[in-house]
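Let me begin by presenting the structure, written as C-alpha cells, before commenting on it.
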Amino acid sequence: SLPNKVPHLMTLADLTAPQIRKLVAHSHHLKRRSEPWLLPNIPGAKKKNLRLPPQSLFGKTIALLFSKRSTRTRLAAETSAELLGGKALFLGKEDIQLGVNESVRDSARVIGGMCQGIFARVGEHSEIEELAEHSPVPVLNALSSYWHPTQILADLLTLHENAHRFDKTKPAGVLSELPPLTVAYVGDSANVLHDMLVTYPRLGHKLRVASPPQYRAPEAVWKRVEELGCDKDIWWGEDPKEAVKGADVVVTDTWISMGQEAEKAERLQAFQGYQVTEQLCKEGGANPDWTFLHCLPRKPDEVDDEVFYGPRSLVFPEADNRKWTIMAVFESLFGRWSLDGPPGAK
Ligand code: CP
Ligand code: NVA
C-alpha cells in the first residue's frame, strides 16, 4: 500500500541518530556484499560469496534530476542502482521541459507517475522543497544550496572504517565504533558543513568551525541545528587556528560552490588564511594524528597538495564511499529495506 505521507529526505536532520547509524552500517554491509561480485578475481574471494547484491530496485527507475554538474553523486547513483537491479535515469537540465516549458508541479507529477523515486540536485533549496511538495514518489536531495546529506553519510562511513586511526585498539579495515571526536571545519559555510552541523553532535562528536564573519549558516539551517540541540556542541569563530585546536578530523570544501563563480575574486580575498595546511594545524594545536576529509571536487585554494595527497588524507576512500552510502539510501527510500522495521520490511 502507498504510504500516506511520501518519505522525502532533504537533510540528515530529517533522520534520527539511530537511523543514521543504521544507514552507515547498512552501507558497509552492501559494500562487503557487493565487492566479491564486482571483483570476482580478487585473491581469497570465495565462490559462496559471489552472490548478487539484493535486487531491491528490480524493475524500478530512479530519476536523476540534476540541474548542476556532478561526478561522484551521479556515478554513485548510476552504479548503485544498477547493482540493486534497477535503473537511474539521468535527466540534465537541458534534457527535460522542467524550468523552461513546464512548472515544477507538473513535472513532479509526471516524473513520479513513471519513476519510483527522484534524486535531485538543485540550486536554491526551495526548488527541491517545491519538487518534494508535489512529487508522488520519494525525493532525495543530491545537493542543494543548504544541504548535502548523502555526502555526510559517506564521510561517516569513511571515519567508521578508519576508527583505528582514532583508537589504536580498533582493528583496521572493519566497521568500528568511533570514540568521541573533535571535528574541525575550516572554510565556507555551505551545504556540506550544514549537514555536518545537524549530524555530528547527535553522534557524540564535537564540531569546531571557522569561517569569515560574512559567511555563516543561513537562519533556516541554524534553526534545524538548534531544534536538534546540536548547537551546544558547536564552537564557531573566525580564526582557523582556533578551530583546529584538538581536532582529530579536519574538513574543508571549496570556497566557491557551484553557482558562485561570479563571486570568485571576492571569495578568494575573504578566505585568505583559511587554507588547510600542515603548518596551520600544527600552529593551531590539532591532534598530531589528525585526519583530513574533503567532499571533492577540490580546488587548490582551500587545501594544499601536501595535505590533500598526503597520508592523513582519506579523500579518495571518502569518494568511493559515496557509492555504498547512496546505495543504502536508495534501498531504504525506493527499495525494500526499511530504516525502522526488521530487515526486508517496507
Ligand atoms: N562530492 C560531490 O557531491 O561530488 P560531485 O559534485 O562530483 O557529485
Ligand atoms: N559546496 C560544494 C559542494 C560540491 C560537492 C558546492 O555546492 O559546489
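Within each chain, counting starts at residue 1; across the C-alpha cells, chains are named A, B, ... in the order shown, with ligands numbered 1 upward in that order.
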What does the list of residues within 8 Å of ligand 2 look like if you count only C-alpha atoms and all ligand atoms, written as a ChimeraX atom specification? /A:70,143-145,148,151,190-192,253-259,295-297
Writing out the chosen residues with N, CA and C atoms as a CSV table (one decimal), in the first residue's frame:
chain,number,residue,atom,x,y,z
A,70,SER,N,28.0,17.1,-11.8
A,70,SER,CA,28.3,16.1,-10.7
A,70,SER,C,29.2,15.0,-11.3
A,143,LEU,N,22.1,17.4,-3.4
A,143,LEU,CA,22.8,18.7,-3.1
A,143,LEU,C,21.8,19.8,-3.4
A,144,SER,N,21.8,20.7,-2.5
A,144,SER,CA,21.0,22.0,-2.7
A,144,SER,C,21.9,23.1,-2.1
A,145,SER,N,21.4,24.3,-2.2
A,145,SER,CA,22.2,25.4,-1.6
A,145,SER,C,22.4,25.2,-0.1
A,148,HIS,N,23.7,18.8,1.9
A,148,HIS,CA,24.3,17.7,1.1
A,148,HIS,C,24.3,16.4,1.9
A,151,GLN,N,26.5,13.2,1.3
A,151,GLN,CA,28.0,13.4,1.5
A,151,GLN,C,28.4,13.0,2.9
A,190,ALA,N,28.7,26.2,3.9
A,190,ALA,CA,27.9,25.8,2.7
A,190,ALA,C,27.3,24.4,3.0
A,191,ASN,N,26.6,23.9,2.0
A,191,ASN,CA,25.8,22.6,2.1
A,191,ASN,C,26.5,21.5,2.9
A,192,VAL,N,27.8,21.2,2.6
A,192,VAL,CA,28.5,20.1,3.2
A,192,VAL,C,28.6,20.3,4.8
A,253,ASP,N,35.9,22.4,2.3
A,253,ASP,CA,35.2,22.3,1.0
A,253,ASP,C,35.6,23.5,0.2
A,254,THR,N,35.2,23.5,-1.1
A,254,THR,CA,35.6,24.7,-1.9
A,254,THR,C,35.1,26.0,-1.3
A,255,TRP,N,35.8,27.1,-1.6
A,255,TRP,CA,35.4,28.4,-1.2
A,255,TRP,C,34.4,29.0,-2.2
A,256,ILE,N,34.3,28.3,-3.4
A,256,ILE,CA,33.5,28.8,-4.5
A,256,ILE,C,32.6,27.7,-5.0
A,257,SER,N,31.4,27.6,-4.3
A,257,SER,CA,30.5,26.5,-4.7
A,257,SER,C,29.9,26.7,-6.1
A,258,MET,N,29.3,25.6,-6.6
A,258,MET,CA,28.7,25.7,-7.9
A,258,MET,C,27.7,26.8,-7.9
A,259,GLY,N,27.7,27.7,-8.9
A,259,GLY,CA,26.8,28.8,-9.0
A,259,GLY,C,27.3,30.1,-8.4
A,295,CYS,N,34.9,16.7,0.4
A,295,CYS,CA,33.9,16.1,-0.4
A,295,CYS,C,34.3,15.9,-1.9
A,296,LEU,N,35.2,16.8,-2.3
A,296,LEU,CA,35.6,16.9,-3.7
A,296,LEU,C,34.4,17.4,-4.5
A,297,PRO,N,34.5,18.0,-5.7
A,297,PRO,CA,35.8,18.4,-6.3
A,297,PRO,C,36.6,19.4,-5.5
Grab me every residue within 12 Å of ligand 1, counting only C-alpha atoms and all ligand atoms, and send it over as a PDB file with C-alpha atoms, in the first residue's frame.
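Below you can see pocket-v4.pdb, which holds the result:
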ATOM      1  CA  LEU A  64      18.254  11.787 -11.503  1.00  0.00           C
ATOM      2  CA  PHE A  66      20.371  17.263 -11.904  1.00  0.00           C
ATOM      3  CA  SER A  67      20.492  20.979 -12.702  1.00  0.00           C
ATOM      4  CA  LYS A  68      24.177  21.192 -11.722  1.00  0.00           C
ATOM      5  CA  ARG A  69      27.308  19.258 -12.606  1.00  0.00           C
ATOM      6  CA  SER A  70      28.288  16.093 -10.737  1.00  0.00           C
ATOM      7  CA  THR A  71      30.928  13.389 -10.962  1.00  0.00           C
ATOM      8  CA  ARG A  72      30.686  11.393  -7.726  1.00  0.00           C
ATOM      9  CA  THR A  73      26.995  11.704  -6.914  1.00  0.00           C
ATOM     10  CA  ARG A  74      25.926  10.789 -10.421  1.00  0.00           C
ATOM     11  CA  LEU A  75      28.371   7.889 -10.680  1.00  0.00           C
ATOM     12  CA  ALA A  76      27.323   6.613  -7.258  1.00  0.00           C
ATOM     13  CA  ALA A  77      23.644   6.772  -8.194  1.00  0.00           C
ATOM     14  CA  GLU A  78      24.022   5.127 -11.585  1.00  0.00           C
ATOM     15  CA  PHE A 119      17.292  12.033  -6.745  1.00  0.00           C
ATOM     16  CA  ALA A 120      17.572  15.784  -7.349  1.00  0.00           C
ATOM     17  CA  ARG A 121      20.471  18.228  -7.438  1.00  0.00           C
ATOM     18  CA  VAL A 122      19.239  21.813  -7.480  1.00  0.00           C
ATOM     19  CA  ASN A 141      18.423  15.590  -2.040  1.00  0.00           C
ATOM     20  CA  ALA A 142      21.566  15.169  -4.180  1.00  0.00           C
ATOM     21  CA  LEU A 143      22.775  18.672  -3.092  1.00  0.00           C
ATOM     22  CA  SER A 144      21.029  21.986  -2.688  1.00  0.00           C
ATOM     23  CA  TRP A 147      22.261  20.688   2.392  1.00  0.00           C
ATOM     24  CA  HIS A 148      24.251  17.708   1.101  1.00  0.00           C
ATOM     25  CA  PRO A 149      23.007  14.752   3.179  1.00  0.00           C
ATOM     26  CA  THR A 150      24.477  11.869   1.182  1.00  0.00           C
ATOM     27  CA  GLN A 151      27.966  13.393   1.464  1.00  0.00           C
ATOM     28  CA  ILE A 152      27.966  13.236   5.248  1.00  0.00           C
ATOM     29  CA  LEU A 153      26.871   9.589   5.211  1.00  0.00           C
ATOM     30  CA  ALA A 154      29.958   8.813   3.099  1.00  0.00           C
ATOM     31  CA  ASP A 155      32.143  10.816   5.486  1.00  0.00           C
ATOM     32  CA  ASN A 191      25.832  22.633   2.109  1.00  0.00           C
ATOM     33  CA  VAL A 192      28.460  20.089   3.247  1.00  0.00           C
ATOM     34  CA  THR A 252      37.043  21.688   4.260  1.00  0.00           C
ATOM     35  CA  ASP A 253      35.181  22.321   0.999  1.00  0.00           C
ATOM     36  CA  THR A 254      35.602  24.653  -1.931  1.00  0.00           C
ATOM     37  CA  SER A 257      30.491  26.473  -4.677  1.00  0.00           C
ATOM     38  CA  MET A 258      28.713  25.725  -7.929  1.00  0.00           C
ATOM     39  CA  LEU A 293      38.359  14.856   4.639  1.00  0.00           C
ATOM     40  CA  HIS A 294      37.069  16.792   1.605  1.00  0.00           C
ATOM     41  CA  CYS A 295      33.905  16.056  -0.395  1.00  0.00           C
ATOM     42  CA  LEU A 296      35.609  16.850  -3.734  1.00  0.00           C
ATOM     43  CA  PRO A 297      35.786  18.383  -6.283  1.00  0.00           C
ATOM     44  CA  ARG A 298      38.774  20.154  -4.762  1.00  0.00           C
ATOM     45  CA  VAL A 315      39.544  11.861   0.338  1.00  0.00           C
ATOM     46  CA  PHE A 316      39.569   9.024  -2.216  1.00  0.00           C
ATOM     47  CA  GLU A 318      35.596   9.001   1.024  1.00  0.00           C
ATOM     48  CA  ALA A 319      34.715   9.494  -2.665  1.00  0.00           C
ATOM     49  CA  ASP A 320      34.404   5.707  -3.182  1.00  0.00           C
ATOM     50  CA  ASN A 321      32.075   5.524  -0.205  1.00  0.00           C
ATOM     51  CA  ARG A 322      29.576   7.838  -1.897  1.00  0.00           C
ATOM     52  CA  LYS A 323      28.519   4.735  -3.820  1.00  0.00           C
ATOM     53  CA  ILE A 326      23.845   6.236  -1.750  1.00  0.00           C
TER      54      ILE A 326
END
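With only C-alpha atoms as the atoms that count, the minimum distance from Ala217 in chain A to the choices A:Arg165, A:Tyr146, A:Ser34, A:Pro180 is reached by A:Tyr146.
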Please determine, counting only C-alpha atoms, which residue among A:Glu263, A:Glu227, A:Glu124, A:Glu129 has the shortest atom-to-atom distance to Ala108 in chain A. A:Glu129
Near Val139 in chain A, within 7 Å and counting only C-alpha atoms, which residues show up once chain neighbours fewer than 2 positions away are dropped, as a ChimeraX atom specification? /A:8-9,117-119,132,137,141
Compile the contact shell of Gln214 in chain A as a PyMOL selection string: residues with an atom at most 12 Å away, counting only C-alpha atoms, same-chain residues fewer than 4 positions apart removed. chain A and resi 187-189+210+218+237-238+266-267+270-271
Please produce an output containing N, CA and C atoms for each residue in the selection, written as a JSON list (two decimals), in the first residue's frame.
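Final output, result_15.json:
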[["chain", "number", "residue", "atom", "x", "y", "z"],
["A", 187, "GLY", "N", 36.51, 26.98, 6.63],
["A", 187, "GLY", "CA", 36.15, 27.45, 5.28],
["A", 187, "GLY", "C", 34.75, 27.99, 5.19],
["A", 188, "ASP", "N", 34.13, 27.73, 4.03],
["A", 188, "ASP", "CA", 32.84, 28.34, 3.71],
["A", 188, "ASP", "C", 31.70, 27.60, 4.41],
["A", 189, "SER", "N", 30.74, 28.35, 4.91],
["A", 189, "SER", "CA", 29.55, 27.73, 5.50],
["A", 189, "SER", "C", 28.59, 27.39, 4.37],
["A", 210, "ALA", "N", 35.50, 27.41, 11.66],
["A", 210, "ALA", "CA", 35.97, 28.78, 11.42],
["A", 210, "ALA", "C", 35.56, 29.21, 10.03],
["A", 218, "PRO", "N", 22.86, 30.05, 6.97],
["A", 218, "PRO", "CA", 21.60, 30.80, 6.90],
["A", 218, "PRO", "C", 20.69, 30.45, 8.08],
["A", 237, "GLY", "N", 33.88, 30.29, 15.23],
["A", 237, "GLY", "CA", 34.60, 31.56, 15.29],
["A", 237, "GLY", "C", 35.17, 31.92, 13.93],
["A", 238, "GLU", "N", 36.09, 32.89, 13.97],
["A", 238, "GLU", "CA", 36.67, 33.36, 12.70],
["A", 238, "GLU", "C", 38.08, 32.84, 12.49],
["A", 266, "GLU", "N", 36.07, 38.04, -4.92],
["A", 266, "GLU", "CA", 35.67, 38.47, -3.57],
["A", 266, "GLU", "C", 35.88, 37.34, -2.55],
["A", 267, "ARG", "N", 35.54, 36.13, -2.95],
["A", 267, "ARG", "CA", 35.66, 34.99, -2.04],
["A", 267, "ARG", "C", 37.13, 34.63, -1.80],
["A", 270, "ALA", "N", 38.27, 36.99, 0.74],
["A", 270, "ALA", "CA", 37.69, 36.81, 2.08],
["A", 270, "ALA", "C", 38.27, 35.59, 2.81],
["A", 271, "PHE", "N", 38.66, 34.57, 2.05],
["A", 271, "PHE", "CA", 39.12, 33.32, 2.69],
["A", 271, "PHE", "C", 40.65, 33.24, 2.82]]
Counting only C-alpha atoms, what is within 10 Å of Arg224 in chain A, bar same-chain residues fewer than 6 positions away, as JSON, numbers by chain? {"A": [11, 13, 14, 194, 197, 198, 230, 231]}
Output C-alpha atoms for every residue in that selection, as a short mmCIF file (atom, residue, chain, number, x, y, z; two decimals), in the first residue's frame.
data_model
loop_
_atom_site.label_atom_id
_atom_site.label_comp_id
_atom_site.auth_asym_id
_atom_site.auth_seq_id
_atom_site.Cartn_x
_atom_site.Cartn_y
_atom_site.Cartn_z
CA THR A 11 18.88 16.66 5.01
CA ALA A 13 18.22 16.48 10.11
CA ASP A 14 15.18 14.56 8.79
CA HIS A 194 25.41 22.32 7.18
CA LEU A 197 26.17 20.61 11.91
CA VAL A 198 22.92 18.64 12.27
CA CYS A 230 23.29 20.37 18.19
CA ASP A 231 24.34 23.98 18.82
#
Can you tell me, as a PyMOL selection string, which residues in range 254-295 of chain A count as helix (DSSP H, G or I) by DSSP? chain A and resi 261-270+278-284
File of the preceding selection, N, CA and C atoms, as a short mmCIF file (atom, residue, chain, number, x, y, z; two decimals), in the first residue's frame:
data_model
loop_
_atom_site.label_atom_id
_atom_site.label_comp_id
_atom_site.auth_asym_id
_atom_site.auth_seq_id
_atom_site.Cartn_x
_atom_site.Cartn_y
_atom_site.Cartn_z
N GLU A 261 30.40 31.32 -9.12
CA GLU A 261 31.59 31.66 -9.90
C GLU A 261 31.80 33.17 -10.02
N ALA A 262 30.71 33.94 -10.08
CA ALA A 262 30.84 35.40 -10.23
C ALA A 262 31.44 36.05 -8.99
N GLU A 263 31.38 35.34 -7.86
CA GLU A 263 31.91 35.91 -6.60
C GLU A 263 33.36 35.47 -6.35
N LYS A 264 33.98 34.88 -7.37
CA LYS A 264 35.29 34.25 -7.15
C LYS A 264 36.32 35.20 -6.52
N ALA A 265 36.51 36.38 -7.13
CA ALA A 265 37.57 37.28 -6.64
C ALA A 265 37.30 37.68 -5.19
N GLU A 266 36.07 38.04 -4.92
CA GLU A 266 35.67 38.47 -3.57
C GLU A 266 35.88 37.34 -2.55
N ARG A 267 35.54 36.13 -2.95
CA ARG A 267 35.66 34.99 -2.04
C ARG A 267 37.13 34.63 -1.80
N LEU A 268 37.93 34.63 -2.86
CA LEU A 268 39.35 34.31 -2.68
C LEU A 268 39.98 35.28 -1.69
N GLN A 269 39.53 36.51 -1.75
CA GLN A 269 40.03 37.54 -0.84
C GLN A 269 39.57 37.25 0.60
N ALA A 270 38.27 36.99 0.74
CA ALA A 270 37.69 36.81 2.08
C ALA A 270 38.27 35.59 2.81
N GLU A 278 49.64 21.75 6.78
CA GLU A 278 50.29 21.15 7.95
C GLU A 278 50.60 22.24 8.98
N GLN A 279 51.10 23.38 8.46
CA GLN A 279 51.51 24.46 9.36
C GLN A 279 50.33 25.00 10.17
N LEU A 280 49.21 25.23 9.49
CA LEU A 280 48.02 25.75 10.19
C LEU A 280 47.63 24.81 11.33
N CYS A 281 47.62 23.52 11.03
CA CYS A 281 47.14 22.56 12.03
C CYS A 281 48.14 22.39 13.16
N LYS A 282 49.42 22.53 12.83
CA LYS A 282 50.45 22.43 13.87
C LYS A 282 50.36 23.65 14.80
N GLU A 283 50.29 24.82 14.18
CA GLU A 283 50.23 26.05 14.99
C GLU A 283 48.94 26.13 15.80
N GLY A 284 47.86 25.58 15.24
CA GLY A 284 46.57 25.63 15.93
C GLY A 284 46.43 24.57 17.01
#
Residues of range 90-332 of chain A in strand (DSSP E) according to DSSP, as a PyMOL selection string? chain A and resi 90-92+117-121+139-141+182-186+206-210+234-237+249-252+291-294
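Minimum atom-to-atom distance to Thr199 in chain A, evaluated using only C-alpha atoms, belongs to A:Leu228 out of A:Val174, A:Val221, A:Leu228, A:Ala163.
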